[in-house]
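Below is final_7.cif, which holds mmCIF, N, CA and C atoms.
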data_work
loop_
_atom_site.label_atom_id
_atom_site.label_comp_id
_atom_site.auth_asym_id
_atom_site.auth_seq_id
_atom_site.Cartn_x
_atom_site.Cartn_y
_atom_site.Cartn_z
N MET A 1 33.09 -42.09 29.03
CA MET A 1 33.11 -40.66 29.21
C MET A 1 32.42 -39.96 28.03
N ARG A 2 32.68 -40.47 26.85
CA ARG A 2 32.07 -39.88 25.66
C ARG A 2 30.55 -40.01 25.71
N ARG A 3 30.07 -41.15 26.20
CA ARG A 3 28.63 -41.36 26.30
C ARG A 3 28.00 -40.39 27.30
N VAL A 4 28.68 -40.15 28.39
CA VAL A 4 28.17 -39.21 29.39
C VAL A 4 28.09 -37.81 28.77
N PHE A 5 29.14 -37.42 28.04
CA PHE A 5 29.15 -36.12 27.38
C PHE A 5 28.00 -36.01 26.38
N LEU A 6 27.80 -37.03 25.56
CA LEU A 6 26.72 -37.01 24.57
C LEU A 6 25.35 -36.96 25.26
N LEU A 7 25.22 -37.70 26.35
CA LEU A 7 23.96 -37.69 27.08
C LEU A 7 23.67 -36.29 27.65
N LEU A 8 24.68 -35.67 28.27
CA LEU A 8 24.50 -34.33 28.82
C LEU A 8 24.22 -33.31 27.71
N PHE A 9 24.94 -33.44 26.60
CA PHE A 9 24.71 -32.54 25.47
C PHE A 9 23.30 -32.69 24.93
N SER A 10 22.79 -33.91 24.84
CA SER A 10 21.44 -34.17 24.35
C SER A 10 20.40 -33.56 25.29
N VAL A 11 20.59 -33.74 26.58
CA VAL A 11 19.67 -33.18 27.57
C VAL A 11 19.66 -31.65 27.47
N LEU A 12 20.83 -31.04 27.29
CA LEU A 12 20.93 -29.60 27.15
C LEU A 12 20.17 -29.12 25.91
N LEU A 13 20.34 -29.80 24.78
CA LEU A 13 19.64 -29.42 23.55
C LEU A 13 18.13 -29.57 23.70
N ILE A 14 17.71 -30.65 24.34
CA ILE A 14 16.27 -30.85 24.55
C ILE A 14 15.71 -29.73 25.43
N GLY A 15 16.44 -29.36 26.47
CA GLY A 15 16.01 -28.29 27.36
C GLY A 15 15.94 -26.96 26.64
N LEU A 16 16.92 -26.65 25.81
CA LEU A 16 16.90 -25.40 25.05
C LEU A 16 15.75 -25.40 24.06
N GLY A 17 15.47 -26.52 23.44
CA GLY A 17 14.36 -26.60 22.49
C GLY A 17 13.04 -26.38 23.19
N ALA A 18 12.87 -26.91 24.37
CA ALA A 18 11.63 -26.72 25.13
C ALA A 18 11.46 -25.26 25.51
N GLN A 19 12.56 -24.59 25.89
CA GLN A 19 12.47 -23.18 26.24
C GLN A 19 12.12 -22.34 25.02
N ALA A 20 12.68 -22.67 23.88
CA ALA A 20 12.42 -21.90 22.67
C ALA A 20 10.96 -22.05 22.24
N GLN A 21 10.32 -23.16 22.56
CA GLN A 21 8.95 -23.38 22.15
C GLN A 21 7.95 -22.74 23.10
N THR A 22 8.37 -22.38 24.30
CA THR A 22 7.49 -21.76 25.28
C THR A 22 7.29 -20.30 24.89
N PRO A 23 6.06 -19.92 24.57
CA PRO A 23 5.84 -18.53 24.17
C PRO A 23 6.01 -17.59 25.34
N ALA A 24 6.56 -16.42 25.05
CA ALA A 24 6.73 -15.41 26.09
C ALA A 24 5.35 -14.87 26.46
N THR A 25 5.17 -14.60 27.74
CA THR A 25 3.91 -14.03 28.20
C THR A 25 3.85 -12.58 27.75
N PRO A 26 2.78 -12.19 27.03
CA PRO A 26 2.67 -10.80 26.61
C PRO A 26 2.65 -9.86 27.82
N GLN A 27 3.41 -8.80 27.72
CA GLN A 27 3.49 -7.83 28.81
C GLN A 27 2.73 -6.56 28.43
N PRO A 28 1.91 -6.05 29.34
CA PRO A 28 1.22 -4.79 29.05
C PRO A 28 2.24 -3.66 28.85
N THR A 29 1.90 -2.73 28.00
CA THR A 29 2.73 -1.57 27.73
C THR A 29 1.88 -0.32 27.92
N VAL A 30 2.38 0.62 28.69
CA VAL A 30 1.68 1.88 28.92
C VAL A 30 2.39 2.96 28.11
N VAL A 31 1.61 3.71 27.33
CA VAL A 31 2.16 4.82 26.55
C VAL A 31 1.32 6.05 26.82
N GLU A 32 1.99 7.16 27.13
CA GLU A 32 1.32 8.44 27.30
C GLU A 32 1.58 9.27 26.05
N TYR A 33 0.51 9.85 25.50
CA TYR A 33 0.58 10.69 24.32
C TYR A 33 0.21 12.11 24.75
N TYR A 34 1.12 13.05 24.55
CA TYR A 34 0.91 14.43 24.96
C TYR A 34 0.61 15.29 23.73
N TYR A 35 -0.36 16.20 23.88
CA TYR A 35 -0.75 17.09 22.80
C TYR A 35 -0.75 18.53 23.31
N LYS A 36 0.01 19.38 22.64
CA LYS A 36 0.03 20.81 22.93
C LYS A 36 -0.63 21.51 21.74
N VAL A 37 -1.79 22.11 21.99
CA VAL A 37 -2.63 22.66 20.93
C VAL A 37 -2.45 24.17 20.85
N GLN A 38 -2.58 24.73 19.66
CA GLN A 38 -2.54 26.18 19.50
C GLN A 38 -3.62 26.80 20.36
N TRP A 39 -3.29 27.96 20.95
CA TRP A 39 -4.26 28.65 21.80
C TRP A 39 -5.55 28.88 21.03
N GLY A 40 -6.67 28.61 21.69
CA GLY A 40 -7.98 28.85 21.10
C GLY A 40 -8.51 27.68 20.29
N HIS A 41 -7.73 26.60 20.11
CA HIS A 41 -8.15 25.47 19.30
C HIS A 41 -8.31 24.17 20.11
N GLN A 42 -8.27 24.28 21.43
CA GLN A 42 -8.36 23.08 22.27
C GLN A 42 -9.68 22.34 22.04
N GLN A 43 -10.78 23.06 21.99
CA GLN A 43 -12.09 22.42 21.81
C GLN A 43 -12.19 21.76 20.44
N GLU A 44 -11.68 22.42 19.41
CA GLU A 44 -11.69 21.84 18.06
C GLU A 44 -10.88 20.54 18.02
N PHE A 45 -9.70 20.57 18.65
CA PHE A 45 -8.88 19.37 18.70
C PHE A 45 -9.63 18.24 19.39
N LEU A 46 -10.23 18.55 20.54
CA LEU A 46 -10.95 17.53 21.30
C LEU A 46 -12.11 16.94 20.49
N GLU A 47 -12.86 17.79 19.80
CA GLU A 47 -13.98 17.30 18.98
C GLU A 47 -13.48 16.38 17.86
N LEU A 48 -12.40 16.75 17.19
CA LEU A 48 -11.86 15.91 16.12
C LEU A 48 -11.31 14.59 16.67
N PHE A 49 -10.64 14.66 17.83
CA PHE A 49 -10.12 13.45 18.46
C PHE A 49 -11.25 12.49 18.78
N LYS A 50 -12.31 13.02 19.40
CA LYS A 50 -13.45 12.18 19.79
C LYS A 50 -14.21 11.63 18.58
N LYS A 51 -14.23 12.39 17.50
CA LYS A 51 -14.96 11.95 16.30
C LYS A 51 -14.20 10.88 15.52
N ASN A 52 -12.89 11.05 15.36
CA ASN A 52 -12.14 10.18 14.45
C ASN A 52 -11.20 9.19 15.12
N HIS A 53 -10.47 9.64 16.14
CA HIS A 53 -9.44 8.75 16.69
C HIS A 53 -9.96 7.88 17.84
N TYR A 54 -10.76 8.47 18.71
CA TYR A 54 -11.25 7.70 19.86
C TYR A 54 -12.05 6.46 19.44
N PRO A 55 -12.91 6.52 18.42
CA PRO A 55 -13.60 5.29 18.00
C PRO A 55 -12.65 4.17 17.55
N ILE A 56 -11.52 4.55 16.96
CA ILE A 56 -10.52 3.54 16.56
C ILE A 56 -9.93 2.90 17.80
N LEU A 57 -9.66 3.69 18.82
CA LEU A 57 -9.12 3.15 20.08
C LEU A 57 -10.16 2.26 20.77
N LYS A 58 -11.42 2.69 20.79
CA LYS A 58 -12.48 1.87 21.40
C LYS A 58 -12.63 0.54 20.67
N LYS A 59 -12.50 0.55 19.35
CA LYS A 59 -12.59 -0.69 18.58
C LYS A 59 -11.46 -1.64 18.97
N GLN A 60 -10.27 -1.09 19.22
CA GLN A 60 -9.15 -1.92 19.63
C GLN A 60 -9.35 -2.49 21.04
N ILE A 61 -10.11 -1.77 21.87
CA ILE A 61 -10.47 -2.33 23.18
C ILE A 61 -11.38 -3.53 22.96
N GLU A 62 -12.38 -3.37 22.08
CA GLU A 62 -13.29 -4.48 21.77
C GLU A 62 -12.54 -5.67 21.19
N MET A 63 -11.51 -5.40 20.40
CA MET A 63 -10.73 -6.46 19.77
C MET A 63 -9.78 -7.14 20.76
N GLY A 64 -9.56 -6.53 21.92
CA GLY A 64 -8.67 -7.11 22.91
C GLY A 64 -7.23 -6.66 22.80
N ARG A 65 -6.93 -5.73 21.93
CA ARG A 65 -5.55 -5.25 21.77
C ARG A 65 -5.18 -4.23 22.85
N ILE A 66 -6.16 -3.40 23.23
CA ILE A 66 -5.94 -2.35 24.22
C ILE A 66 -6.76 -2.68 25.46
N ALA A 67 -6.15 -2.48 26.64
CA ALA A 67 -6.85 -2.72 27.90
C ALA A 67 -7.63 -1.49 28.35
N SER A 68 -7.05 -0.29 28.16
CA SER A 68 -7.75 0.92 28.59
C SER A 68 -7.21 2.16 27.88
N VAL A 69 -8.06 3.18 27.84
CA VAL A 69 -7.72 4.49 27.27
C VAL A 69 -8.31 5.54 28.18
N LYS A 70 -7.52 6.55 28.51
CA LYS A 70 -8.07 7.68 29.25
C LYS A 70 -7.40 8.96 28.77
N MET A 71 -8.15 10.05 28.84
CA MET A 71 -7.64 11.37 28.46
C MET A 71 -7.75 12.28 29.66
N GLU A 72 -6.69 13.06 29.86
CA GLU A 72 -6.67 14.01 30.98
C GLU A 72 -6.20 15.36 30.47
N ALA A 73 -6.62 16.40 31.17
CA ALA A 73 -6.19 17.77 30.90
C ALA A 73 -5.79 18.39 32.23
N PRO A 74 -4.75 19.21 32.24
CA PRO A 74 -4.35 19.84 33.51
C PRO A 74 -5.40 20.85 33.97
N GLU A 75 -5.55 20.96 35.28
CA GLU A 75 -6.53 21.90 35.83
C GLU A 75 -6.00 23.32 35.87
N ASN A 76 -4.69 23.48 36.00
CA ASN A 76 -4.09 24.81 36.08
C ASN A 76 -3.14 25.00 34.91
N HIS A 77 -2.77 26.25 34.66
CA HIS A 77 -1.85 26.52 33.55
C HIS A 77 -0.41 26.27 33.98
N MET A 78 0.42 26.08 32.96
CA MET A 78 1.85 25.86 33.18
C MET A 78 2.61 26.92 32.39
N THR A 79 3.93 26.92 32.53
CA THR A 79 4.72 27.80 31.68
C THR A 79 4.58 27.32 30.25
N GLU A 80 4.74 28.21 29.29
CA GLU A 80 4.51 27.85 27.88
C GLU A 80 5.42 26.72 27.42
N ASP A 81 6.67 26.71 27.85
CA ASP A 81 7.58 25.66 27.40
C ASP A 81 7.21 24.29 27.96
N ALA A 82 6.56 24.24 29.11
CA ALA A 82 6.17 22.97 29.72
C ALA A 82 4.70 22.61 29.47
N ARG A 83 3.97 23.50 28.81
CA ARG A 83 2.53 23.34 28.66
C ARG A 83 2.18 22.16 27.75
N TRP A 84 1.16 21.42 28.18
CA TRP A 84 0.47 20.45 27.32
C TRP A 84 -1.01 20.57 27.66
N ASP A 85 -1.85 20.26 26.66
CA ASP A 85 -3.29 20.44 26.85
C ASP A 85 -4.02 19.14 27.13
N TYR A 86 -3.57 18.07 26.51
CA TYR A 86 -4.22 16.76 26.69
C TYR A 86 -3.17 15.68 26.80
N ARG A 87 -3.42 14.75 27.71
CA ARG A 87 -2.58 13.55 27.83
C ARG A 87 -3.51 12.35 27.67
N VAL A 88 -3.21 11.51 26.70
CA VAL A 88 -3.96 10.28 26.48
C VAL A 88 -3.07 9.13 26.93
N THR A 89 -3.57 8.35 27.88
CA THR A 89 -2.82 7.20 28.37
C THR A 89 -3.49 5.93 27.87
N ILE A 90 -2.71 5.13 27.15
CA ILE A 90 -3.21 3.88 26.59
C ILE A 90 -2.43 2.73 27.19
N VAL A 91 -3.15 1.73 27.68
CA VAL A 91 -2.52 0.50 28.16
C VAL A 91 -2.75 -0.55 27.09
N PHE A 92 -1.67 -0.90 26.38
CA PHE A 92 -1.73 -1.94 25.37
C PHE A 92 -1.51 -3.28 26.06
N LYS A 93 -2.22 -4.30 25.64
CA LYS A 93 -2.06 -5.62 26.26
C LYS A 93 -0.70 -6.22 25.95
N ASP A 94 -0.14 -5.89 24.77
CA ASP A 94 1.23 -6.28 24.44
C ASP A 94 1.73 -5.37 23.33
N ARG A 95 2.96 -5.55 22.91
CA ARG A 95 3.58 -4.66 21.92
C ARG A 95 3.55 -5.25 20.52
N SER A 96 2.62 -6.13 20.24
CA SER A 96 2.58 -6.75 18.92
C SER A 96 2.20 -5.70 17.86
N PRO A 97 2.75 -5.83 16.65
CA PRO A 97 2.44 -4.87 15.59
C PRO A 97 0.96 -4.89 15.23
N PHE A 98 0.46 -3.74 14.79
CA PHE A 98 -0.94 -3.62 14.44
C PHE A 98 -1.09 -2.57 13.35
N ASP A 99 -1.93 -2.85 12.36
CA ASP A 99 -2.15 -1.92 11.25
C ASP A 99 -3.37 -1.06 11.55
N GLU A 100 -3.14 0.05 12.25
CA GLU A 100 -4.23 0.94 12.63
C GLU A 100 -4.83 1.63 11.41
N GLN A 101 -4.03 1.86 10.37
CA GLN A 101 -4.55 2.50 9.15
C GLN A 101 -5.57 1.61 8.46
N ALA A 102 -5.34 0.30 8.46
CA ALA A 102 -6.31 -0.63 7.86
C ALA A 102 -7.63 -0.58 8.62
N LEU A 103 -7.55 -0.49 9.93
CA LEU A 103 -8.76 -0.39 10.75
C LEU A 103 -9.49 0.92 10.45
N ALA A 104 -8.75 2.01 10.29
CA ALA A 104 -9.37 3.30 9.97
C ALA A 104 -10.05 3.25 8.60
N ARG A 105 -9.43 2.59 7.63
CA ARG A 105 -10.07 2.47 6.31
C ARG A 105 -11.36 1.68 6.40
N GLN A 106 -11.37 0.67 7.25
CA GLN A 106 -12.57 -0.16 7.43
C GLN A 106 -13.68 0.63 8.15
N MET A 107 -13.31 1.41 9.16
CA MET A 107 -14.30 2.12 9.97
C MET A 107 -14.81 3.40 9.31
N TYR A 108 -14.00 4.00 8.45
CA TYR A 108 -14.34 5.28 7.84
C TYR A 108 -14.28 5.15 6.32
N PRO A 109 -15.37 4.71 5.70
CA PRO A 109 -15.38 4.53 4.24
C PRO A 109 -15.11 5.84 3.48
N ASP A 110 -15.54 6.99 4.04
CA ASP A 110 -15.26 8.27 3.42
C ASP A 110 -13.86 8.72 3.85
N GLN A 111 -12.86 8.13 3.22
CA GLN A 111 -11.48 8.39 3.60
C GLN A 111 -11.06 9.83 3.34
N ALA A 112 -11.63 10.47 2.34
CA ALA A 112 -11.26 11.86 2.04
C ALA A 112 -11.60 12.76 3.24
N THR A 113 -12.80 12.60 3.78
CA THR A 113 -13.20 13.41 4.94
C THR A 113 -12.38 13.04 6.16
N PHE A 114 -12.20 11.74 6.39
CA PHE A 114 -11.41 11.28 7.53
C PHE A 114 -10.01 11.86 7.48
N LYS A 115 -9.34 11.76 6.35
CA LYS A 115 -7.96 12.25 6.22
C LYS A 115 -7.89 13.77 6.37
N LYS A 116 -8.88 14.46 5.84
CA LYS A 116 -8.91 15.92 5.95
C LYS A 116 -9.05 16.34 7.42
N GLU A 117 -9.95 15.67 8.15
CA GLU A 117 -10.17 16.02 9.56
C GLU A 117 -8.96 15.62 10.42
N GLU A 118 -8.35 14.50 10.12
CA GLU A 118 -7.15 14.10 10.87
C GLU A 118 -6.00 15.06 10.58
N GLN A 119 -5.89 15.49 9.34
CA GLN A 119 -4.86 16.47 9.00
C GLN A 119 -5.09 17.76 9.78
N ARG A 120 -6.35 18.19 9.87
CA ARG A 120 -6.67 19.40 10.62
C ARG A 120 -6.33 19.23 12.09
N ARG A 121 -6.62 18.06 12.64
CA ARG A 121 -6.32 17.80 14.05
C ARG A 121 -4.83 18.00 14.33
N PHE A 122 -3.98 17.60 13.39
CA PHE A 122 -2.54 17.76 13.60
C PHE A 122 -2.04 19.14 13.18
N GLU A 123 -2.75 19.82 12.29
CA GLU A 123 -2.37 21.19 11.92
C GLU A 123 -2.47 22.14 13.10
N ILE A 124 -3.43 21.93 13.98
CA ILE A 124 -3.62 22.86 15.10
C ILE A 124 -2.77 22.51 16.31
N LEU A 125 -1.91 21.52 16.17
CA LEU A 125 -0.98 21.17 17.25
C LEU A 125 0.28 22.01 17.16
N LEU A 126 0.79 22.39 18.31
CA LEU A 126 2.12 22.99 18.39
C LEU A 126 3.17 21.92 18.64
N ALA A 127 2.76 20.87 19.36
CA ALA A 127 3.69 19.78 19.67
C ALA A 127 2.90 18.53 20.01
N HIS A 128 3.54 17.40 19.79
CA HIS A 128 2.95 16.10 20.11
C HIS A 128 4.10 15.16 20.40
N TRP A 129 4.02 14.45 21.54
CA TRP A 129 5.07 13.48 21.83
C TRP A 129 4.47 12.26 22.50
N ASP A 130 5.14 11.12 22.26
CA ASP A 130 4.72 9.83 22.80
C ASP A 130 5.75 9.40 23.83
N LEU A 131 5.26 8.88 24.94
CA LEU A 131 6.15 8.51 26.03
C LEU A 131 5.82 7.10 26.52
N PRO A 132 6.48 6.06 25.94
CA PRO A 132 6.29 4.71 26.47
C PRO A 132 6.90 4.64 27.87
N LEU A 133 6.21 3.99 28.78
CA LEU A 133 6.67 3.91 30.17
C LEU A 133 7.15 2.50 30.49
N SER A 134 8.19 2.41 31.30
CA SER A 134 8.69 1.13 31.79
C SER A 134 8.45 1.06 33.29
N THR A 135 8.05 -0.11 33.76
CA THR A 135 7.85 -0.30 35.18
C THR A 135 9.20 -0.50 35.85
N VAL A 136 9.41 0.18 36.95
CA VAL A 136 10.63 0.04 37.73
C VAL A 136 10.30 -0.85 38.92
N ASN A 137 11.00 -1.95 39.06
CA ASN A 137 10.78 -2.86 40.16
C ASN A 137 11.46 -2.33 41.41
N LEU A 138 10.67 -1.94 42.37
CA LEU A 138 11.22 -1.38 43.61
C LEU A 138 11.54 -2.45 44.65
N ASN A 139 11.24 -3.70 44.36
CA ASN A 139 11.43 -4.77 45.33
C ASN A 139 12.70 -5.56 45.10
N THR A 140 13.60 -5.09 44.24
CA THR A 140 14.84 -5.80 44.00
C THR A 140 16.00 -4.98 44.55
N ALA A 141 17.04 -5.69 44.97
CA ALA A 141 18.24 -5.01 45.47
C ALA A 141 19.01 -4.42 44.29
N GLN A 142 19.70 -3.36 44.55
CA GLN A 142 20.49 -2.69 43.50
C GLN A 142 21.75 -3.42 43.20
#

Would you write the structure of this file as C-alpha cells?
Amino acid sequence: MRRVFLLLFSVLLIGLGAQAQTPATPQPTVVEYYYKVQWGHQQEFLELFKKNHYPILKKQIEMGRIASVKMEAPENHMTEDARWDYRVTIVFKDRSPFDEQALARQMYPDQATFKKEEQRRFEILLAHWDLPLSTVNLNTAQ
C-alpha cells in the first residue's frame, strides 16, 4: 500500500512539475485611452501626439509588442461631463512589462524638447483616463 501511495505521489509531482514548466500563452490586451482636451487646443494636442507619442507606439508595433493602434474622435458633440475628444485603442500582444521611457530616450536624443512638448500635451488636457478591457465569453453557461 505504501508503494502505491509513493508511486501516485511521484506521478502527481511529475505532473505538477510539467505544468509549471509549460509557459502560459500570452493573451492580447486591449486598452482604450481617452483624452479630453481644453476647448480650442484639440489640434495642438493632436499635432503633439503625432509628433512625439505615435512614433513610440509605431516602434513598438515594429518590435512586436503592440498588434495595433488606432485613434478615433466623435463625430458629434456630447454633454460636457461625458465629453472626450480622442480615443486611442491599443492592442498589446501581452501584458509583459516594458520600459517606454527608455525607448523614448533612444528615439528622441533631444530630451529637453521632447519632455517640454510632452508636458505641454498634458497641460492642455482637462482629463485623461485609461480603460483596459476584458473579453466576456458569451458562449458559457452562467

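Computed from the coordinates, the CA of Met63 (chain A) to CA of Arg105 (chain A) distance equals 16.2 Å.
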
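As for atom C of His53 (chain A) and atom C of Val30 (chain A), they are spaced 16.8 Å apart.
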
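One distance worth recording is that between CA of Gln101 (chain A) and atom N of Lys50 (chain A), which is 16.6 Å.
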
Applying the PyMOL selection byres (((chain A and resi 135 and name CA) around 12) and name CA) to the file I just gave you, which residues come out? Please list them as a JSON list (two decimals) with N, CA and C atoms, in the frame of the given file.
[["chain", "number", "residue", "atom", "x", "y", "z"],
["A", 27, "GLN", "N", 3.41, -8.80, 27.72],
["A", 27, "GLN", "CA", 3.49, -7.83, 28.81],
["A", 27, "GLN", "C", 2.73, -6.56, 28.43],
["A", 28, "PRO", "N", 1.91, -6.05, 29.34],
["A", 28, "PRO", "CA", 1.22, -4.79, 29.05],
["A", 28, "PRO", "C", 2.24, -3.66, 28.85],
["A", 29, "THR", "N", 1.90, -2.73, 28.00],
["A", 29, "THR", "CA", 2.73, -1.57, 27.73],
["A", 29, "THR", "C", 1.88, -0.32, 27.92],
["A", 30, "VAL", "N", 2.38, 0.62, 28.69],
["A", 30, "VAL", "CA", 1.68, 1.88, 28.92],
["A", 30, "VAL", "C", 2.39, 2.96, 28.11],
["A", 31, "VAL", "N", 1.61, 3.71, 27.33],
["A", 31, "VAL", "CA", 2.16, 4.82, 26.55],
["A", 31, "VAL", "C", 1.32, 6.05, 26.82],
["A", 132, "PRO", "N", 6.48, 6.06, 25.94],
["A", 132, "PRO", "CA", 6.29, 4.71, 26.47],
["A", 132, "PRO", "C", 6.90, 4.64, 27.87],
["A", 133, "LEU", "N", 6.21, 3.99, 28.78],
["A", 133, "LEU", "CA", 6.67, 3.91, 30.17],
["A", 133, "LEU", "C", 7.15, 2.50, 30.49],
["A", 134, "SER", "N", 8.19, 2.41, 31.30],
["A", 134, "SER", "CA", 8.69, 1.13, 31.79],
["A", 134, "SER", "C", 8.45, 1.06, 33.29],
["A", 136, "VAL", "N", 9.41, 0.18, 36.95],
["A", 136, "VAL", "CA", 10.63, 0.04, 37.73],
["A", 136, "VAL", "C", 10.30, -0.85, 38.92],
["A", 137, "ASN", "N", 11.00, -1.95, 39.06],
["A", 137, "ASN", "CA", 10.78, -2.86, 40.16],
["A", 137, "ASN", "C", 11.46, -2.33, 41.41],
["A", 138, "LEU", "N", 10.67, -1.94, 42.37],
["A", 138, "LEU", "CA", 11.22, -1.38, 43.61],
["A", 138, "LEU", "C", 11.54, -2.45, 44.65],
["A", 139, "ASN", "N", 11.24, -3.70, 44.36],
["A", 139, "ASN", "CA", 11.43, -4.77, 45.33],
["A", 139, "ASN", "C", 12.70, -5.56, 45.10]]

Any chance you could tabulate, as CSV, the residues of region 59-128 of chain A at most 5 Å from region 33-45 of chain A with each one's nearest atom pair and distance in Å to one decimal, using all atoms listed in the file, in chain and rising number order?
residue,atom,partner,partner_atom,distance
A:Trp84,CA,A:Lys36,CA,4.4
A:Asp85,N,A:Tyr35,C,3.9
A:Tyr86,C,A:Tyr35,N,4.1
A:Arg87,CA,A:Tyr33,C,4.4
A:Val88,C,A:Tyr33,N,3.9
A:Thr89,N,A:Tyr33,N,5.0
A:Ile124,C,A:Gln38,N,4.0
A:Leu125,CA,A:Val37,CA,4.3
A:Leu126,N,A:Lys36,C,3.8
A:Ala127,C,A:Lys36,N,4.0
A:His128,CA,A:Tyr34,C,4.4

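Here the question is which of A:Glu32, A:Pro97, A:Glu118, A:Glu80 gets nearest to Leu48 (chain A) using all atoms listed in the file, and that residue is A:Glu118.
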
Find the axis-aligned box for region 32-39 of chain A, covering all its listed atoms and adding 4 Å on each side, and write its centre and edge lengths in Å to one decimal as AutoDock Vina command-line options.
--center_x -1.8 --center_y 18.0 --center_z 23.4 --size_x 15.5 --size_y 29.7 --size_z 15.8

Exercise for the section: Using DSSP on the backbone coordinates, identify the residues of region 58-129 of chain A assigned to strand (DSSP E); present them as a ChimeraX atom specification. Expected result: /A:66-72,86-92,125-129

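In terms of minimum interatomic distance to Leu46 (chain A), A:Arg121 ranks closest within A:Lys70, A:Arg121, A:Asp130, A:Ile61, counting all atoms listed in the file.
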
Handout entry: In chain A, DSSP alpha helix (DSSP H) residues written as a VMD selection string
Key = chain A and resid 2 to 21 42 to 48 54 to 63 100 to 107 111 to 123

Practice task
Specify as number ranges by chain each residue included when the PyMOL selection byres ((chain A and resi 66) around 5) is applied to this file.
Solution key: A: 60-61, 64-65, 67-68, 91-93
